[in-house]
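structure01.cif follows; it contains mmCIF, C-alpha atoms and all ligand atoms.
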data_start
loop_
_atom_site.label_atom_id
_atom_site.label_comp_id
_atom_site.auth_asym_id
_atom_site.auth_seq_id
_atom_site.Cartn_x
_atom_site.Cartn_y
_atom_site.Cartn_z
CA MET A 1 9.73 9.54 -1.10
CA ARG A 2 9.32 10.09 2.61
CA ARG A 3 12.02 8.62 4.80
CA THR A 4 10.77 6.12 7.39
CA SER A 5 14.11 5.02 8.89
CA CYS A 6 17.38 6.69 9.90
CA SER A 7 19.92 7.12 7.12
CA ALA A 8 22.80 6.09 9.40
CA CYS A 9 21.53 3.53 11.94
CA GLY A 10 18.26 2.32 10.40
CA SER A 11 16.15 3.14 13.48
CA ALA A 12 12.48 3.82 12.74
CA HIS A 13 12.29 6.47 15.48
CA LEU A 14 12.51 9.74 13.59
CA GLU A 15 11.08 12.78 15.36
CA GLN A 16 10.14 15.78 13.21
CA ILE A 17 11.80 18.98 14.50
CA LEU A 18 11.30 21.56 11.74
CA ASP A 19 8.71 22.15 9.02
CA LEU A 20 9.63 24.72 6.36
CA GLY A 21 6.60 24.00 4.19
CA ASN A 22 6.99 23.14 0.50
CA SER A 23 9.90 24.53 -1.49
CA PRO A 24 11.29 24.06 -5.01
CA ILE A 25 14.67 22.38 -5.58
CA ALA A 26 17.06 25.04 -4.33
CA ASP A 27 19.39 25.43 -7.30
CA ALA A 28 16.88 24.82 -10.11
CA TYR A 29 17.44 28.42 -11.27
CA ALA A 30 14.64 29.18 -13.72
CA ALA A 31 14.84 30.88 -17.12
CA SER A 32 11.73 33.05 -16.64
CA PRO A 33 9.51 34.29 -13.81
CA VAL A 34 6.65 32.05 -14.96
CA GLU A 35 8.86 28.96 -15.06
CA SER A 36 10.20 29.92 -11.63
CA LEU A 37 6.76 30.27 -10.02
CA ARG A 38 5.54 27.04 -11.59
CA LEU A 39 8.39 24.84 -10.39
CA ASP A 40 7.26 21.78 -8.45
CA ARG A 41 7.48 22.14 -4.68
CA TYR A 42 8.38 19.40 -2.23
CA PRO A 43 8.11 19.17 1.57
CA LEU A 44 11.09 20.51 3.49
CA GLN A 45 11.00 18.92 6.93
CA LEU A 46 13.79 17.94 9.30
CA ALA A 47 13.75 15.04 11.74
CA VAL A 48 16.17 13.74 14.34
CA CYS A 49 16.88 10.07 15.05
CA ASP A 50 16.42 9.48 18.77
CA LYS A 51 18.92 6.59 18.69
CA CYS A 52 22.03 8.03 16.96
CA TRP A 53 20.88 11.73 16.90
CA LEU A 54 21.51 12.21 13.20
CA VAL A 55 19.41 15.12 11.91
CA GLN A 56 18.02 14.37 8.47
CA LEU A 57 15.58 15.51 5.82
CA LEU A 58 12.34 13.53 5.72
CA GLU A 59 11.69 13.97 2.00
CA VAL A 60 14.27 12.12 -0.13
CA LEU A 61 14.07 13.22 -3.76
CA PRO A 62 15.63 10.98 -6.43
CA GLN A 63 19.38 11.47 -6.92
CA GLU A 64 18.96 12.16 -10.65
CA GLN A 65 16.47 14.96 -9.96
CA LEU A 66 18.94 16.73 -7.64
CA PHE A 67 22.34 16.08 -9.19
CA GLY A 68 21.64 15.18 -12.83
CA THR A 69 22.01 17.25 -15.96
CA GLY A 70 20.37 20.37 -14.46
CA TYR A 71 22.78 20.64 -11.51
CA SER A 72 24.34 24.08 -11.80
CA PHE A 73 26.76 24.39 -8.90
CA TYR A 74 30.37 24.70 -10.11
CA THR A 75 32.86 25.07 -7.26
CA SER A 76 35.43 26.97 -9.35
CA ALA A 77 32.82 29.68 -10.07
CA SER A 78 33.16 30.81 -6.45
CA PRO A 79 36.46 32.69 -5.87
CA PRO A 80 36.35 32.29 -2.06
CA LEU A 81 35.80 28.55 -2.47
CA SER A 82 38.67 28.26 -4.95
CA GLN A 83 40.97 29.99 -2.48
CA TYR A 84 39.73 27.68 0.26
CA HIS A 85 40.61 24.68 -1.94
CA GLU A 86 44.09 25.98 -2.66
CA VAL A 87 44.87 26.37 1.04
CA TYR A 88 43.21 23.04 1.81
CA ALA A 89 45.32 21.19 -0.78
CA SER A 90 48.60 22.66 0.48
CA LYS A 91 47.74 21.71 4.08
CA VAL A 92 46.83 18.18 3.04
CA MET A 93 50.10 17.83 1.12
CA GLU A 94 52.00 19.01 4.21
CA SER A 95 50.38 16.40 6.46
CA TYR A 96 49.55 13.44 4.20
CA SER A 97 51.95 13.72 1.26
CA ALA A 98 53.00 10.05 1.26
CA LEU A 99 49.38 8.81 1.30
CA ALA A 100 48.31 11.32 -1.37
CA ARG A 101 51.19 10.27 -3.60
CA ARG A 102 50.19 6.62 -3.18
CA SER A 103 46.67 7.39 -4.53
CA THR A 104 44.00 10.03 -3.92
CA VAL A 105 40.27 9.62 -4.51
CA GLU A 106 37.94 12.59 -4.12
CA ILE A 107 34.27 11.72 -3.76
CA GLY A 108 32.04 14.60 -4.86
CA CYS A 109 34.85 16.33 -6.76
CA ASN A 110 32.47 18.59 -8.75
CA ASP A 111 34.49 20.39 -11.47
CA GLY A 112 37.83 19.31 -10.00
CA ASP A 113 38.67 22.63 -8.36
CA LEU A 114 40.29 20.83 -5.41
CA LEU A 115 41.40 17.60 -7.11
CA ARG A 116 43.44 19.48 -9.72
CA HIS A 117 45.94 20.53 -7.03
CA PHE A 118 46.74 16.87 -6.30
CA HIS A 119 46.87 16.02 -10.00
CA GLU A 120 49.25 18.94 -10.66
CA GLN A 121 51.58 17.67 -7.93
CA GLY A 122 51.81 14.25 -9.54
CA CYS A 123 49.52 12.31 -7.18
CA PRO A 124 47.64 9.48 -8.91
CA SER A 125 44.13 10.89 -8.52
CA LEU A 126 40.59 9.92 -9.35
CA GLY A 127 37.37 11.91 -8.92
CA ILE A 128 33.82 10.60 -8.53
CA ASP A 129 30.74 12.78 -8.93
CA PRO A 130 27.24 12.26 -10.34
CA ALA A 131 26.81 15.85 -11.67
CA VAL A 132 27.18 15.70 -15.46
CA GLY A 133 28.11 19.33 -16.20
CA PRO A 134 30.77 19.74 -13.48
CA VAL A 135 32.32 16.35 -14.35
CA LYS A 136 32.64 17.44 -17.98
CA ALA A 137 34.46 20.58 -16.80
CA ALA A 138 36.76 18.45 -14.60
CA ARG A 139 37.67 16.21 -17.54
CA GLU A 140 38.47 19.26 -19.64
CA ARG A 141 41.11 20.00 -17.00
CA GLY A 142 42.68 16.62 -17.72
CA LEU A 143 41.34 14.93 -14.58
CA ASP A 144 40.19 11.32 -14.44
CA VAL A 145 36.60 11.53 -13.14
CA ARG A 146 33.75 9.01 -13.08
CA THR A 147 30.16 10.24 -13.40
CA ARG A 148 28.64 8.16 -10.64
CA PRO A 149 27.13 8.57 -7.19
CA PHE A 150 29.40 6.91 -4.63
CA THR A 151 27.75 3.81 -3.15
CA LEU A 152 28.97 0.52 -1.72
CA THR A 153 28.15 -1.17 -5.03
CA TYR A 154 30.27 1.34 -6.94
CA ALA A 155 33.05 1.08 -4.33
CA GLN A 156 33.21 -2.66 -5.08
CA ASP A 157 33.79 -1.87 -8.78
CA LEU A 158 36.54 0.58 -7.82
CA PHE A 159 38.09 -1.93 -5.46
CA TYR A 160 38.34 -4.55 -8.22
CA GLU A 161 39.75 -1.98 -10.64
CA TYR A 162 42.16 -0.07 -8.36
CA GLY A 163 42.53 -1.95 -5.09
CA THR A 164 42.65 0.25 -2.02
CA VAL A 165 43.72 3.90 -1.84
CA GLY A 166 45.86 5.97 0.52
CA LEU A 167 43.81 9.14 0.78
CA VAL A 168 40.05 9.57 0.41
CA ILE A 169 38.60 13.08 0.42
CA ALA A 170 34.87 13.75 0.80
CA ASN A 171 34.08 17.41 1.38
CA HIS A 172 30.46 18.47 1.81
CA VAL A 173 29.21 15.34 0.11
CA LEU A 174 28.03 13.21 3.03
CA ALA A 175 25.17 15.67 3.53
CA HIS A 176 23.96 14.82 0.03
CA VAL A 177 23.73 11.05 0.26
CA ALA A 178 20.46 9.22 0.81
CA ASP A 179 22.09 6.28 2.62
CA VAL A 180 24.90 7.35 4.95
CA SER A 181 25.60 3.80 6.09
CA ASP A 182 26.02 2.50 2.52
CA PHE A 183 28.36 5.40 1.63
CA LEU A 184 30.60 4.82 4.66
CA ALA A 185 30.73 1.08 4.00
CA GLY A 186 32.10 2.01 0.55
CA VAL A 187 34.74 4.32 2.07
CA SER A 188 35.82 1.57 4.45
CA LEU A 189 36.15 -0.89 1.55
CA ILE A 190 38.43 1.27 -0.59
CA LEU A 191 40.57 2.80 2.19
CA ASP A 192 44.02 1.30 2.83
CA ASP A 193 44.43 -0.16 6.32
CA ASP A 194 46.89 2.66 7.11
CA GLY A 195 45.05 5.20 4.92
CA VAL A 196 43.24 8.39 5.88
CA ALA A 197 39.85 9.72 4.89
CA LEU A 198 39.30 13.46 5.24
CA ILE A 199 35.62 14.30 5.55
CA GLU A 200 34.19 17.78 5.89
CA VAL A 201 30.56 18.37 6.81
CA GLN A 202 28.46 21.28 7.90
CA TYR A 203 28.38 21.32 11.70
CA LEU A 204 24.88 20.90 13.11
CA PRO A 205 25.43 22.82 16.39
CA ASP A 206 26.36 25.92 14.35
CA LEU A 207 23.13 25.58 12.39
CA LEU A 208 21.09 25.27 15.59
CA VAL A 209 22.84 28.07 17.49
CA ASN A 210 22.69 30.46 14.52
CA ASN A 211 19.12 29.55 13.51
CA ALA A 212 20.54 28.90 10.04
CA PHE A 213 17.41 27.16 8.78
CA ASP A 214 18.11 28.24 5.18
CA LEU A 215 20.92 25.65 5.05
CA VAL A 216 18.08 23.13 4.88
CA TYR A 217 17.20 22.29 1.27
CA HIS A 218 16.57 19.09 -0.64
CA GLU A 219 20.22 18.55 -1.62
CA HIS A 220 21.18 18.62 2.09
CA ARG A 221 19.80 15.39 3.44
CA ASN A 222 21.95 14.96 6.58
CA PHE A 223 23.23 17.33 9.28
CA PHE A 224 26.02 16.03 11.48
CA SER A 225 27.50 16.63 14.89
CA LEU A 226 30.85 15.02 15.74
CA THR A 227 29.09 12.37 17.82
CA SER A 228 26.43 11.43 15.27
CA LEU A 229 29.13 11.20 12.59
CA GLU A 230 31.37 9.09 14.84
CA ALA A 231 28.51 6.69 15.55
CA ALA A 232 27.89 6.29 11.80
CA LEU A 233 31.61 5.76 11.06
CA GLU A 234 32.22 3.25 13.85
CA ARG A 235 29.62 0.89 12.41
CA HIS A 236 32.06 0.48 9.51
CA GLY A 237 35.32 0.22 11.47
CA LEU A 238 36.23 3.87 10.93
CA PHE A 239 37.32 6.22 13.71
CA VAL A 240 37.72 9.98 14.04
CA THR A 241 41.34 10.65 14.95
CA ASN A 242 41.46 14.44 14.59
CA PHE A 243 39.24 17.38 13.70
CA ILE A 244 39.24 21.10 13.06
CA HIS A 245 36.36 23.55 13.01
CA THR A 246 36.15 25.74 9.87
CA ASP A 247 33.90 28.63 8.86
CA ARG A 248 32.78 27.16 5.55
CA GLN A 249 28.99 27.08 4.93
CA GLY A 250 28.13 28.81 8.17
CA GLY A 251 30.34 26.48 10.28
CA SER A 252 31.77 23.07 9.40
CA ILE A 253 34.02 20.38 10.86
CA ARG A 254 36.81 18.67 8.95
CA ILE A 255 37.62 15.29 10.41
CA GLU A 256 40.50 12.89 9.91
CA VAL A 257 39.31 9.28 9.81
CA ARG A 258 41.43 6.14 10.17
CA LYS A 259 40.87 2.43 10.67
CA ARG A 260 42.33 2.53 14.16
CA HIS A 261 41.62 4.36 17.39
CA TYR A 262 43.75 7.35 18.26
CA HIS A 263 42.56 9.97 20.69
CA ALA A 264 43.71 13.35 19.49
CA PRO A 265 43.59 16.14 22.05
CA GLY A 266 40.29 17.96 21.96
CA ILE A 267 38.05 15.18 20.66
CA THR A 268 36.79 14.15 24.09
CA MET A 269 36.16 17.78 24.96
CA LEU A 270 34.12 18.38 21.79
CA ARG A 271 32.17 15.16 22.41
CA ASN A 272 31.33 16.39 25.90
CA HIS A 273 30.30 19.78 24.52
CA GLU A 274 27.76 17.99 22.35
CA ASN A 275 25.92 16.31 25.24
CA TRP A 276 23.15 18.90 24.94
CA LEU A 277 22.32 17.52 21.48
CA HIS A 278 21.34 14.15 22.93
CA THR A 279 17.98 15.14 24.33
CA MET A 280 14.92 16.31 22.42
CA GLY A 281 15.13 19.63 24.30
CA ALA A 282 17.95 20.74 21.95
CA TYR A 283 15.57 20.75 19.02
CA GLU A 284 12.25 21.79 20.51
CA GLY A 285 12.70 25.55 20.23
CA LEU A 286 13.94 25.58 16.62
CA GLN A 287 10.57 25.86 14.89
CA GLY A 288 9.52 28.80 17.09
CA ARG A 289 12.79 30.68 16.50
CA VAL A 290 12.57 30.14 12.76
CA ASP A 291 8.93 31.28 12.67
CA ARG A 292 9.93 34.47 14.53
CA ILE A 293 12.72 35.13 12.00
CA ARG A 294 10.14 34.93 9.22
CA THR A 295 7.83 37.43 10.92
CA ARG A 296 10.60 39.91 11.75
CA LEU A 297 12.30 39.64 8.36
CA ARG A 298 9.03 40.34 6.53
CA GLU A 299 8.50 43.40 8.76
CA LEU A 300 12.01 44.74 8.03
CA VAL A 301 11.69 44.24 4.28
CA HIS A 302 8.29 45.96 4.37
CA GLU A 303 9.64 48.94 6.38
CA GLU A 304 12.65 49.39 4.09
CA ARG A 305 10.49 49.11 1.01
CA SER A 306 8.35 52.01 2.22
CA LYS A 307 11.52 54.17 1.99
CA GLY A 308 12.96 52.85 -1.29
CA SER A 309 13.74 49.66 -3.15
CA VAL A 310 15.06 46.48 -1.54
CA VAL A 311 17.14 44.05 -3.60
CA GLY A 312 18.92 40.82 -2.71
CA TYR A 313 22.65 40.19 -2.42
CA GLY A 314 23.81 36.73 -3.42
CA ALA A 315 21.97 33.82 -5.04
CA PRO A 316 23.19 30.79 -3.09
CA ALA A 317 20.97 27.70 -2.89
CA LYS A 318 20.00 28.71 0.64
CA ALA A 319 18.32 31.86 -0.73
CA THR A 320 15.63 29.61 -2.21
CA THR A 321 14.76 28.23 1.22
CA LEU A 322 14.88 31.64 2.91
CA LEU A 323 12.76 33.51 0.36
CA ASN A 324 10.20 30.75 -0.11
CA PHE A 325 9.77 30.01 3.58
CA CYS A 326 9.51 33.73 4.42
CA HIS A 327 7.12 34.35 1.50
CA ILE A 328 9.38 37.05 0.05
CA PHE A 329 8.65 36.30 -3.60
CA GLU A 330 8.99 39.66 -5.30
CA LEU A 331 12.41 41.25 -4.71
CA PRO A 332 13.09 42.79 -8.15
CA CYS A 333 16.59 41.32 -8.35
CA THR A 334 19.55 39.90 -6.47
CA VAL A 335 23.23 40.45 -7.20
CA ASP A 336 25.55 37.51 -7.84
CA THR A 337 28.98 37.28 -9.44
CA THR A 338 28.39 33.73 -10.80
CA VAL A 339 27.90 34.26 -14.53
CA ALA A 340 25.99 30.96 -15.00
CA LYS A 341 23.29 32.16 -12.58
CA GLN A 342 22.88 35.65 -14.05
CA ASN A 343 19.63 36.42 -15.90
CA ARG A 344 17.99 33.44 -14.25
CA TYR A 345 15.51 33.50 -11.35
CA ILE A 346 15.65 32.28 -7.75
CA PRO A 347 13.40 29.19 -7.77
CA GLY A 348 9.83 29.87 -6.66
CA THR A 349 10.22 33.67 -6.90
CA THR A 350 10.25 36.43 -9.52
CA THR A 351 13.68 37.61 -8.28
CA LYS A 352 16.09 37.95 -11.20
CA ILE A 353 19.81 37.27 -10.63
CA VAL A 354 21.92 40.11 -12.03
CA ALA A 355 25.59 41.10 -12.27
CA PRO A 356 26.87 43.50 -9.56
CA GLU A 357 27.33 46.39 -12.02
CA GLU A 358 23.57 46.38 -12.78
CA VAL A 359 22.72 47.59 -9.27
CA GLY A 360 23.84 50.78 -7.52
CA ASP A 361 25.75 50.74 -4.26
CA GLN A 362 23.23 52.73 -2.26
CA GLU A 363 20.33 50.32 -2.22
CA THR A 364 18.99 48.43 0.73
CA PHE A 365 20.24 44.87 0.30
CA LEU A 366 18.77 41.74 1.81
CA LEU A 367 21.94 39.72 2.44
CA LEU A 368 21.14 36.23 1.17
CA ALA A 369 24.81 35.10 1.18
CA TRP A 370 25.10 35.92 4.89
CA ASN A 371 28.05 33.54 5.40
CA TYR A 372 30.23 36.04 3.47
CA MET A 373 28.84 38.98 5.45
CA SER A 374 32.09 40.57 6.62
CA LYS A 375 33.66 40.62 3.16
CA ILE A 376 30.53 41.74 1.28
CA VAL A 377 29.61 44.53 3.69
CA ARG A 378 33.23 45.76 3.75
CA ASP A 379 33.32 45.89 -0.06
CA HIS A 380 29.98 47.74 -0.30
CA SER A 381 30.03 50.10 2.64
CA GLU A 382 27.59 52.56 1.00
CA GLY A 383 24.52 50.32 1.17
CA ARG A 384 22.08 49.46 3.93
CA TRP A 385 21.97 45.80 4.81
CA ILE A 386 19.21 43.58 6.13
CA VAL A 387 20.98 40.58 7.63
CA PRO A 388 18.51 37.71 8.17
CA ILE A 389 20.55 35.19 10.21
CA PRO A 390 20.88 34.53 13.20
CA ALA A 391 18.16 37.15 13.82
CA PRO A 392 17.04 39.84 11.37
CA VAL A 393 18.82 43.18 11.86
CA ILE A 394 19.67 46.26 9.80
CA LEU A 395 23.31 47.32 9.41
ZN ZN B 1 19.93 6.89 13.66
#

Just give me the structure of the file as structure tokens.
Ligand SMILES: [Zn+2]
Amino acid sequence: MRRTSCSACGSAHLEQILDLGNSPIADAYAASPVESLRLDRYPLQLAVCDKCWLVQLLEVLPQEQLFGTGYSFYTSASPPLSQYHEVYASKVMESYSALARRSTVEIGCNDGDLLRHFHEQGCPSLGIDPAVGPVKAARERGLDVRTRPFTLTYAQDLFYEYGTVGLVIANHVLAHVADVSDFLAGVSLILDDDGVALIEVQYLPDLLVNNAFDLVYHEHRNFFSLTSLEAALERHGLFVTNFIHTDRQGGSIRIEVRKRHYHAPGITMLRNHENWLHTMGAYEGLQGRVDRIRTRLRELVHEERSKGSVVGYGAPAKATTLLNFCHIFELPCTVDTTVAKQNRYIPGTTTKIVAPEEVGDQETFLLLAWNYMSKIVRDHSEGRWIVPIPAPVIL
């Protein structure tokens, strides 16, 4: 279904800013090359709302198709993400222990890799997530998790069952919802008047500055700046009272949200830094830069291939966007440590996902998991690396 109004403010003025053609669902890892090539493709186009400046995907695929039984992303399968969650939980317990001990709800808890830390410390905790497989894994850890997408309607059920809660956590989930306004109305309903919601989202300016177009795939429906997120929150009586910038997913912001105004140092400065986002000029060059990345990346892969083989490194969802948009369909394989992905194929390509030990160290690698560049390149110093983002180069 093609979106005709803004997910946050309802305005009908959506201006298309990027067209990545048609792409399969990014993490529908296929069992065979034929299945992979025959996967259905859907338009991948970004638009910006010229009223609230929320950047959003125009094609909205059904929730069940994206996050149902086939959803294969398990947070605990990623060691760096598990470490991130451990540090995150200890920081939250330092700052919000009393609220967390009152009650903690995590929306989009996946397999409970973060929520378990609160459960283990005795906080009454509840997870909500529509992805069947990850929720099953979370329950096997002893966590109380509901298999539901979070909506205002579901928040009403929770409210009748539990009342309000002290701490709401929603990390990298707001990007996935089809109706931002409905989701935030639900958060406002279940949050205690003195409670805190911690929301982490990918940070749009980082995407724009780094040309990180491969972060665009069907599961990512919304891309936020601080100001577009604040505008969406304030419609529901929620206010950003603090923030930090993190390096997760190519650059993210973690915000603290309360039901009252409080101007933490730095918020006004960040708001002012985002003024450039509030004219169409901020978005006009994106398509041209992305098209040039495609041309240059294809040239580099071609040149390296004339000297030897080129294989991928990493099989994140964003690799599906990058390889399909750049028409790089035939890398023989890509290395990934996630066992559940191994022996499957990057959607839309004949690229098989293999364990690291199946590939030598002296290949030329196309770095598909570029957000872990420093660690990966340090651990594999023998290889040659084609780094695609922010502009294709060889290391
Ligand atoms: Zn809007």

### Message
What does the list of residues within 10 Å of ligand ZN 1 (chain B) look like if you count all atoms listed in the file, written as number ranges by chain?
### Response
A: 5-14, 48-56, 181, 228, 231-232

### Task
Determine, counting all atoms listed in the file, which protein, DNA and RNA residues have an atom within 9 Å of an atom of His85 of chain A; residues of the same chain fewer than 6 positions away are not included. Present the result as a PyMOL selection string.
chain A and resi 113-115+117

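Counting from atom CA of Phe159 of chain A, the distance to atom CA of Arg101 of chain A is 18.0 Å.
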
### Query
Can you find the residues with an atom no farther than 8 Å from (16.4, 16.7, -4.2), counting all atoms listed in the file, and report them as a list in words?
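Answer for this query, in the requested form: Ile25, Val60, Leu61, Pro62, Gln63, Gln65, Leu66, Phe67, Tyr217, His218 and Glu219 of chain A.
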
### Message
Give me, as a PyMOL selection string, all polymer residues having an atom no more than 12 Å from Gly122 of chain A, counting only C-alpha atoms and skipping those fewer than 2 positions away in the same chain.
### Response
chain A and resi 93+97-98+100-104+115-120+124-125+143

### Query
Near Thr75 of chain A, counting all atoms listed in the file, which residues have an atom at most 9 Å away, once you skip same-chain residues fewer than 4 positions from it, shown as a PyMOL selection string?
chain A and resi 79+81-82+109-114+134

### Message
Neighbouring residues of segment 376-392 of chain A were defined as those with any atom within 12 Å, considering all atoms listed in the file; residues of the same chain fewer than 6 positions away were excluded. Please report them as a ChimeraX atom specification.
### Response
/A:80,206-215,250,286,289-305,307-314,318-319,322-323,326,335-337,356,359-370

### Residue neighbourhood Lys259 of chain A, 9 Å, all atoms listed in the file, exclusion window fewer than 4 positions, as a PyMOL selection string
chain A and resi 188+191-196+237-240

### Query
Just how far from atom CA of Gly163 of chain A is atom CA of Gly142 of chain A, in Å to one decimal?
22.5 Å

### Task
Could you check how far atom CA of Tyr203 of chain A sits from atom CA of Ser252 of chain A, in Å to one decimal?
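Straight-line distance from atom CA of Tyr203 of chain A to atom CA of Ser252 of chain A works out to 4.5 Å.
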
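Taking only C-alpha atoms into account, the protein, DNA and RNA residues within 7 Å of (37.5, 14.3, -2.4) read Val105, Glu106, Ile107, Gly108, Cys109, Leu115, Gly127, Val168, Ile169, Ala170 and Asn171 of chain A.
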
#### Entry: Given all atoms listed in the file as the counted atoms, nearest of A:Leu57, A:Val216, A:Ala31, A:Ala185 to Thr351 of chain A
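Answer, going by the shortest atom-to-atom distance: A:Ala31.
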
### Task
Go through A:Asp247, A:Trp276, A:Leu270, A:Ala175 and flag the residue nearest Tyr84 of chain A, using all atoms listed in the file for the distances.
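Looking at the shortest contact to Tyr84 of chain A, the residue is A:Asp247.
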
### Query
Nearest to Leu126 of chain A among A:Phe183, A:Tyr154, A:Tyr96, A:Tyr162, with distances taken over all atoms listed in the file: which residue is it?
A:Tyr162

## Note on the structure
Of A:Ala317, A:Glu256, A:Pro33, A:Thr279, the one sitting nearest His220 of chain A when using all atoms listed in the file is A:Ala317

### Nearest residue to Phe150 of chain A from the set A:Arg3, A:Gly186, A:Asn272, A:Gly133 (distances using only C-alpha atoms)
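That would be A:Gly186, the residue with the smallest distance to Phe150 of chain A.
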